[in-house]
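Asker: For reference, this is work_18.cif, and it has mmCIF, C-alpha atoms and all ligand atoms.
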data_entry
loop_
_atom_site.group_PDB
_atom_site.id
_atom_site.type_symbol
_atom_site.label_atom_id
_atom_site.label_comp_id
_atom_site.auth_asym_id
_atom_site.auth_seq_id
_atom_site.Cartn_x
_atom_site.Cartn_y
_atom_site.Cartn_z
ATOM 1 C CA MET A 21 0.000 0.000 0.000
ATOM 2 C CA THR A 22 1.066 3.558 -0.281
ATOM 3 C CA ARG A 23 2.322 4.530 3.102
ATOM 4 C CA PRO A 24 -0.487 5.831 5.331
ATOM 5 C CA SER A 25 0.268 9.013 7.231
ATOM 6 C CA LEU A 26 -0.545 10.324 10.659
ATOM 7 C CA PRO A 27 -3.702 12.462 10.529
ATOM 8 C CA SER A 28 -3.359 14.138 13.969
ATOM 9 C CA PRO A 29 -0.045 15.160 15.533
ATOM 10 C CA ILE A 30 1.479 13.288 18.477
ATOM 11 C CA LEU A 31 3.178 15.228 21.268
ATOM 12 C CA ILE A 32 6.407 13.609 22.452
ATOM 13 C CA GLU A 33 7.660 14.585 25.894
ATOM 14 C CA ALA A 34 11.093 13.107 26.490
ATOM 15 C CA GLU A 35 14.393 14.966 26.950
ATOM 16 C CA SER A 36 12.729 17.796 25.067
ATOM 17 C CA ALA A 37 9.190 18.192 23.810
ATOM 18 C CA ALA A 38 8.410 17.774 20.135
ATOM 19 C CA VAL A 39 5.308 17.580 18.024
ATOM 20 C CA VAL A 40 5.331 14.820 15.450
ATOM 21 C CA ASP A 41 3.078 16.088 12.725
ATOM 22 C CA ARG A 42 2.315 14.565 9.366
ATOM 23 C CA SER A 43 5.531 15.710 7.690
ATOM 24 C CA THR A 44 7.777 14.670 10.601
ATOM 25 C CA PHE A 45 6.057 11.289 10.687
ATOM 26 C CA ASP A 46 6.394 10.808 6.939
ATOM 27 C CA ALA A 47 10.142 11.432 7.162
ATOM 28 C CA LEU A 48 10.680 8.591 9.669
ATOM 29 C CA PRO A 49 11.387 5.042 8.480
ATOM 30 C CA THR A 50 8.432 2.654 8.456
ATOM 31 C CA SER A 51 8.307 -0.787 9.984
ATOM 32 C CA THR A 52 5.918 -3.535 9.012
ATOM 33 C CA ARG A 53 5.311 -6.232 11.568
ATOM 34 C CA ARG A 54 3.019 -9.137 12.169
ATOM 35 C CA ILE A 55 1.692 -8.666 15.689
ATOM 36 C CA GLU A 56 -1.085 -10.403 17.536
ATOM 37 C CA VAL A 57 -3.322 -8.287 19.786
ATOM 38 C CA VAL A 58 -4.612 -10.399 22.670
ATOM 39 C CA CYS A 59 -7.460 -9.055 24.770
ATOM 40 C CA ASN A 60 -8.113 -10.154 28.336
ATOM 41 C CA GLY A 61 -11.351 -11.864 27.411
ATOM 42 C CA GLY A 62 -9.376 -14.249 25.189
ATOM 43 C CA ASP A 63 -10.183 -12.570 21.876
ATOM 44 C CA ARG A 64 -7.100 -12.354 19.723
ATOM 45 C CA PHE A 65 -6.314 -11.299 16.219
ATOM 46 C CA GLU A 66 -3.120 -11.171 14.263
ATOM 47 C CA ALA A 67 -2.518 -8.440 11.737
ATOM 48 C CA ARG A 68 0.208 -6.954 9.609
ATOM 49 C CA TRP A 69 0.788 -3.511 11.050
ATOM 50 C CA ILE A 70 2.617 -0.679 9.309
ATOM 51 C CA GLY A 71 3.895 2.369 11.164
ATOM 52 C CA VAL A 72 6.920 3.878 12.842
ATOM 53 C CA SER A 73 8.836 2.137 15.620
ATOM 54 C CA LEU A 74 8.490 3.739 19.024
ATOM 55 C CA PRO A 75 12.258 4.297 19.468
ATOM 56 C CA ALA A 76 12.390 6.143 16.133
ATOM 57 C CA LEU A 77 9.459 8.306 17.163
ATOM 58 C CA LEU A 78 10.844 9.030 20.646
ATOM 59 C CA GLU A 79 14.252 9.949 19.234
ATOM 60 C CA VAL A 80 12.644 13.058 17.721
ATOM 61 C CA ALA A 81 12.687 14.416 21.298
ATOM 62 C CA ALA A 82 15.718 12.387 22.529
ATOM 63 C CA VAL A 83 15.258 9.693 25.175
ATOM 64 C CA PRO A 84 16.727 10.487 28.602
ATOM 65 C CA GLU A 85 19.115 7.793 29.802
ATOM 66 C CA ARG A 86 17.214 7.403 33.096
ATOM 67 C CA THR A 87 13.969 6.403 31.314
ATOM 68 C CA THR A 88 12.372 3.283 32.805
ATOM 69 C CA HIS A 89 8.833 3.473 31.395
ATOM 70 C CA VAL A 90 6.849 5.095 28.638
ATOM 71 C CA LEU A 91 3.340 6.528 28.934
ATOM 72 C CA VAL A 92 1.124 6.350 25.869
ATOM 73 C CA GLU A 93 -2.028 8.431 25.896
ATOM 74 C CA SER A 94 -4.997 8.615 23.538
ATOM 75 C CA ALA A 95 -7.199 11.414 22.278
ATOM 76 C CA ASP A 96 -9.839 10.319 24.817
ATOM 77 C CA GLY A 97 -7.484 10.273 27.818
ATOM 78 C CA TYR A 98 -6.881 6.522 27.895
ATOM 79 C CA ARG A 99 -3.337 6.092 29.226
ATOM 80 C CA VAL A 100 -1.015 3.139 29.632
ATOM 81 C CA CYS A 101 2.424 2.723 31.169
ATOM 82 C CA VAL A 102 4.826 0.124 29.769
ATOM 83 C CA ASP A 103 8.428 -0.661 30.603
ATOM 84 C CA VAL A 104 11.263 0.303 28.274
ATOM 85 C CA PRO A 105 11.917 -3.162 26.773
ATOM 86 C CA THR A 106 8.228 -3.481 25.879
ATOM 87 C CA ALA A 107 7.976 0.072 24.560
ATOM 88 C CA PHE A 108 11.139 -0.071 22.503
ATOM 89 C CA ASP A 109 9.914 -3.178 20.751
ATOM 90 C CA ALA A 110 6.575 -1.527 19.937
ATOM 91 C CA MET A 111 5.369 0.783 17.191
ATOM 92 C CA ILE A 112 2.797 3.416 16.397
ATOM 93 C CA ALA A 113 0.845 1.813 13.590
ATOM 94 C CA VAL A 114 -1.167 3.804 11.070
ATOM 95 C CA GLY A 115 -2.108 0.908 8.796
ATOM 96 C CA ARG A 116 -3.296 -2.648 9.127
ATOM 97 C CA ASP A 117 -3.393 -5.425 6.553
ATOM 98 C CA GLY A 118 -2.822 -3.090 3.639
ATOM 99 C CA ARG A 119 -5.261 -0.361 4.641
ATOM 100 C CA PRO A 120 -4.906 2.894 6.555
ATOM 101 C CA LEU A 121 -6.329 2.455 10.056
ATOM 102 C CA THR A 122 -8.747 5.307 9.396
ATOM 103 C CA ASP A 123 -10.382 3.095 6.721
ATOM 104 C CA ALA A 124 -9.837 -0.283 8.339
ATOM 105 C CA ASP A 125 -10.852 0.512 11.904
ATOM 106 C CA GLY A 126 -12.108 4.077 12.151
ATOM 107 C CA TYR A 127 -9.268 5.399 14.283
ATOM 108 C CA GLU A 128 -6.001 7.034 13.283
ATOM 109 C CA SER A 129 -3.230 5.169 15.024
ATOM 110 C CA ARG A 130 -2.537 2.347 17.423
ATOM 111 C CA PHE A 131 0.224 1.426 19.840
ATOM 112 C CA VAL A 132 1.078 -2.218 19.135
ATOM 113 C CA GLY A 133 3.941 -4.490 20.131
ATOM 114 C CA GLU A 134 4.851 -8.109 20.705
ATOM 115 C CA ASP A 135 4.606 -7.667 24.469
ATOM 116 C CA VAL A 136 1.862 -5.045 24.565
ATOM 117 C CA PRO A 137 -1.314 -6.736 25.819
ATOM 118 C CA GLY A 138 -4.635 -5.892 24.092
ATOM 119 C CA PRO A 139 -5.886 -3.553 26.811
ATOM 120 C CA ARG A 140 -2.699 -1.487 26.448
ATOM 121 C CA ALA A 141 -2.904 -1.321 22.653
ATOM 122 C CA VAL A 142 -3.956 2.338 22.755
ATOM 123 C CA ARG A 143 -6.036 3.586 19.834
ATOM 124 C CA ASP A 144 -5.715 7.187 18.566
ATOM 125 C CA VAL A 145 -2.389 8.023 20.220
ATOM 126 C CA ARG A 146 -1.867 11.746 20.897
ATOM 127 C CA ARG A 147 0.865 11.958 23.506
ATOM 128 C CA ILE A 148 3.892 9.866 24.482
ATOM 129 C CA GLU A 149 6.012 10.619 27.535
ATOM 130 C CA THR A 150 9.169 9.009 28.873
ATOM 131 C CA VAL A 151 9.279 8.664 32.652
ATOM 132 C CA SER A 152 11.727 7.473 35.245
ATOM 133 C CA LEU A 153 10.042 5.430 37.976
ATOM 134 C CA ALA A 154 11.675 4.735 41.292
ATOM 135 C CA PRO A 155 11.906 1.167 42.581
ATOM 136 C CA GLY A 156 8.626 0.445 44.337
ATOM 137 C CA ASP A 157 6.765 2.984 42.214
ATOM 138 C CA ARG A 158 3.791 1.170 40.674
ATOM 139 C CA PRO A 159 3.590 1.527 36.874
ATOM 140 C CA ASP A 160 -0.179 0.958 36.950
ATOM 141 C CA SER A 161 -0.666 4.010 39.161
ATOM 142 C CA TYR A 162 0.275 6.064 36.077
ATOM 143 C CA GLU A 163 -2.403 4.434 33.944
ATOM 144 C CA ASP A 164 -5.956 5.385 33.161
ATOM 145 C CA LEU A 165 -7.771 2.454 31.606
ATOM 146 C CA GLN A 166 -11.188 3.732 32.676
ATOM 147 C CA LEU A 167 -12.484 4.049 29.160
ATOM 148 C CA ALA A 168 -12.098 0.340 28.408
ATOM 149 C CA PRO A 169 -15.298 -0.364 26.467
ATOM 150 C CA ASP A 170 -15.795 -3.867 27.834
ATOM 151 C CA GLY A 171 -15.104 -2.801 31.418
ATOM 152 C CA ALA A 172 -13.595 -6.208 32.024
ATOM 153 C CA ASP A 173 -9.914 -5.382 32.018
ATOM 154 C CA GLU A 174 -7.536 -5.340 34.958
HETATM 155 N N1 LIG B 201 -7.951 4.902 23.125
HETATM 156 C C1 LIG B 201 -8.346 3.727 23.615
HETATM 157 N N2 LIG B 201 -7.627 2.626 23.318
HETATM 158 C C2 LIG B 201 -7.997 1.412 23.797
HETATM 159 C C3 LIG B 201 -9.140 1.288 24.619
HETATM 160 C C4 LIG B 201 -9.876 2.485 24.921
HETATM 161 O O1 LIG B 201 -10.888 2.473 25.637
HETATM 162 N N3 LIG B 201 -9.456 3.672 24.389
HETATM 163 N N4 LIG B 201 -9.492 0.053 25.104
HETATM 164 C C5 LIG B 201 -8.459 -0.966 25.175
HETATM 165 C C6 LIG B 201 -8.995 -2.284 25.473
HETATM 166 S S1 LIG B 201 -9.563 -2.535 27.037
HETATM 167 C C7 LIG B 201 -8.983 -3.307 24.564
HETATM 168 S S2 LIG B 201 -9.420 -4.863 24.980
HETATM 169 C C8 LIG B 201 -8.593 -3.068 23.172
HETATM 170 C C9 LIG B 201 -9.716 -3.469 22.261
HETATM 171 O O2 LIG B 201 -9.244 -3.429 20.969
HETATM 172 P P1 LIG B 201 -10.225 -3.528 19.740
HETATM 173 O O3 LIG B 201 -11.058 -2.301 19.732
HETATM 174 O O4 LIG B 201 -9.347 -3.625 18.559
HETATM 175 O O5 LIG B 201 -11.036 -4.755 19.961
HETATM 176 O O6 LIG B 201 -8.259 -1.707 22.913
HETATM 177 C C10 LIG B 201 -7.579 -1.025 23.935
HETATM 178 N N5 LIG B 201 -7.248 0.322 23.488
HETATM 179 MO MO MO B 202 -10.623 -4.583 26.908
#
Mind turning the file's structure into structure tokens?

Answerer:
Amino acid sequence: MTRPSLPSPILIEAESAAVVDRSTFDALPTSTRRIEVVCNGGDRFEARWIGVSLPALLEVAAVPERTTHVLVESADGYRVCVDVPTAFDAMIAVGRDGRPLTDADGYESRFVGEDVPGPRAVRDVRRIETVSLAPGDRPDSYEDLQLAPDGADE
């Protein structure tokens, strides 16, 4: 497919703050990966996702060395917190199975990764922040999964 773009900008807050708009996004290398999204209820589907890897996207604002976790937030305030190994293996997808996500699923982007569980596969990503948690700090206290449509997660 022709490469889908990013309709709405994503704010990156890392070492600096940067807005990844359509033209910034289009200048980053794409990745295409087969990733299965597994929801808590047992539903699972595998798809071929196209987008930009999270490390490439974060590098636009430079990643502080002390980073332990990454927060990914949606247009509707849904927010997840994942550790660095999980985040750095993930991507912001804008297409699925040969179609832009806007056509395929009715949202603009999605956070997907091998180790990102379904409930943390944020749709319509608008903000990504690197954070440095202290030992004993609970990653889930940074999350807001309230909008989960099935209400059955966590
Ligand atoms: N922005 C946003 N992303 C979200 C959610 C949400 O409520 N808002 N729900 C999550 C939950 S709980 C699940 S199980 C999956 C559902 O993915 P699906 O819509 O592809 O089935 O999306 C996740 N991503
Ligand atoms: Mo869910």

Asker: Around (6.3, 11.9, 9.6) in the file's frame, which residues reach within 12 Å when counting only C-alpha atoms? Return as JSON, numbers by chain?

Answerer: {"A": [23, 24, 25, 26, 27, 28, 29, 30, 39, 40, 41, 42, 43, 44, 45, 46, 47, 48, 49, 50, 71, 72, 73, 76, 77, 80, 112, 114]}

Asker: Keeping C-alpha atoms, export the residues of the selection given above as a compact mmCIF listing (two decimals), in the coordinates of the input.

Answerer:
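selection_23.txt written:
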# COMPACT_ATOMS: atom_id res chain seq x y z
CA ARG A 23 2.32 4.53 3.10
CA PRO A 24 -0.49 5.83 5.33
CA SER A 25 0.27 9.01 7.23
CA LEU A 26 -0.55 10.32 10.66
CA PRO A 27 -3.70 12.46 10.53
CA SER A 28 -3.36 14.14 13.97
CA PRO A 29 -0.04 15.16 15.53
CA ILE A 30 1.48 13.29 18.48
CA VAL A 39 5.31 17.58 18.02
CA VAL A 40 5.33 14.82 15.45
CA ASP A 41 3.08 16.09 12.72
CA ARG A 42 2.32 14.56 9.37
CA SER A 43 5.53 15.71 7.69
CA THR A 44 7.78 14.67 10.60
CA PHE A 45 6.06 11.29 10.69
CA ASP A 46 6.39 10.81 6.94
CA ALA A 47 10.14 11.43 7.16
CA LEU A 48 10.68 8.59 9.67
CA PRO A 49 11.39 5.04 8.48
CA THR A 50 8.43 2.65 8.46
CA GLY A 71 3.90 2.37 11.16
CA VAL A 72 6.92 3.88 12.84
CA SER A 73 8.84 2.14 15.62
CA ALA A 76 12.39 6.14 16.13
CA LEU A 77 9.46 8.31 17.16
CA VAL A 80 12.64 13.06 17.72
CA ILE A 112 2.80 3.42 16.40
CA VAL A 114 -1.17 3.80 11.07

Asker: Counting only C-alpha atoms, figure out which residue out of A:Ala38, A:Ala124, A:Met111, A:Val83 gets nearest to A:Arg53.

Answerer: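 Smallest distance to A:Arg53 is found for A:Met111.
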
Asker: The centre and edge lengths of an axis-aligned box containing all atoms of stretch 53-60 of chain A present in the file, extended by 5 Å on each side, are to be given in Å to one decimal, as AutoDock Vina command-line options.

Answerer:
--center_x -1.4 --center_y -8.3 --center_z 20.0 --size_x 23.4 --size_y 14.2 --size_z 26.8

Asker: For ligand LIG 201 (chain B), which residue among A:Cys59, A:Leu78, A:Val132, A:Ala34 is the nearest when counting only C-alpha atoms and all ligand atoms?

Answerer: A:Cys59

Asker: Could you list the residues chosen by the PyMOL selection byres (((not hetatm)) within 8 of (chain B and resi 201)) in this structure as an NGL selection string?

Answerer: :A and (57-61 or 93-99 or 125 or 130 or 138-145 or 165-173)

Asker: Calculated over only C-alpha atoms and all ligand atoms, which of the candidates A:Phe131, A:Ser161, A:Ala81, A:Pro137 has the smallest distance to ligand MO 202 (chain B)?

Answerer: A:Pro137

Asker: Give as a PyMOL selection string the set of residues within 9 Å of the point (10.7, -5.3, 18.4), where distances use the file's coordinates and all atoms listed in the file.

Answerer: chain A and resi 53+73+105-111+133-135

Asker: Which residue is closest to A:Asp164? Choose from A:Pro84, A:Phe65, A:Leu91, A:Ala37 and count only C-alpha atoms.

Answerer: A:Leu91

Asker: Between A:Leu121, A:Val104, A:Val90, A:Ala113, which is the closest to A:Glu33 once you count all atoms listed in the file?

Answerer: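 The closest residue to A:Glu33 is A:Val90.
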
Asker: Go through the shown structure with the PyMOL selection byres (((chain A and resi 153) around 8) and not hetatm) and write out the matching residues as a list in words.

Answerer: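 This file, filtered by the PyMOL selection byres (((chain A and resi 153) around 8) and not hetatm), leaves Thr87, Thr88, His89, Val151, Ser152, Ala154, Pro155, Asp157 and Pro159 of chain A.
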
Asker: Select, from A:Asp63, A:Asp123, A:Glu128, A:Glu79, the residue with the minimum atom-to-atom distance to ligand MO 202 (chain B), counting all atoms listed in the file.

Answerer: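 Of A:Asp63, A:Asp123, A:Glu128, A:Glu79, the one nearest ligand MO 202 (chain B) is A:Asp63, counting all atoms listed in the file.
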
Asker: Kindly resolve the PyMOL selection byres (((chain A and resi 117) around 9) and not hetatm) on the present coordinates and return the residues as a ChimeraX atom specification.

Answerer: /A:67-70,115-116,118-120,124

Asker: Would you work out the distance separating atom CA of A:Glu149 from atom CA of A:Ser36, expressed in Å to one decimal?

Answerer: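 Spanning atom CA of A:Glu149 to atom CA of A:Ser36 is a straight-line distance of 10.1 Å.
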
Asker: When you draw a straight line from atom CA of A:Glu163 to atom CA of A:Val92, how long is it in Å?

Answerer: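 These two atoms are separated by 9.0 Å.
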
Asker: What does the structure give for the distance between atom CA of A:Tyr162 and atom CA of A:Val100, in Å to one decimal?

Answerer: 7.2 Å
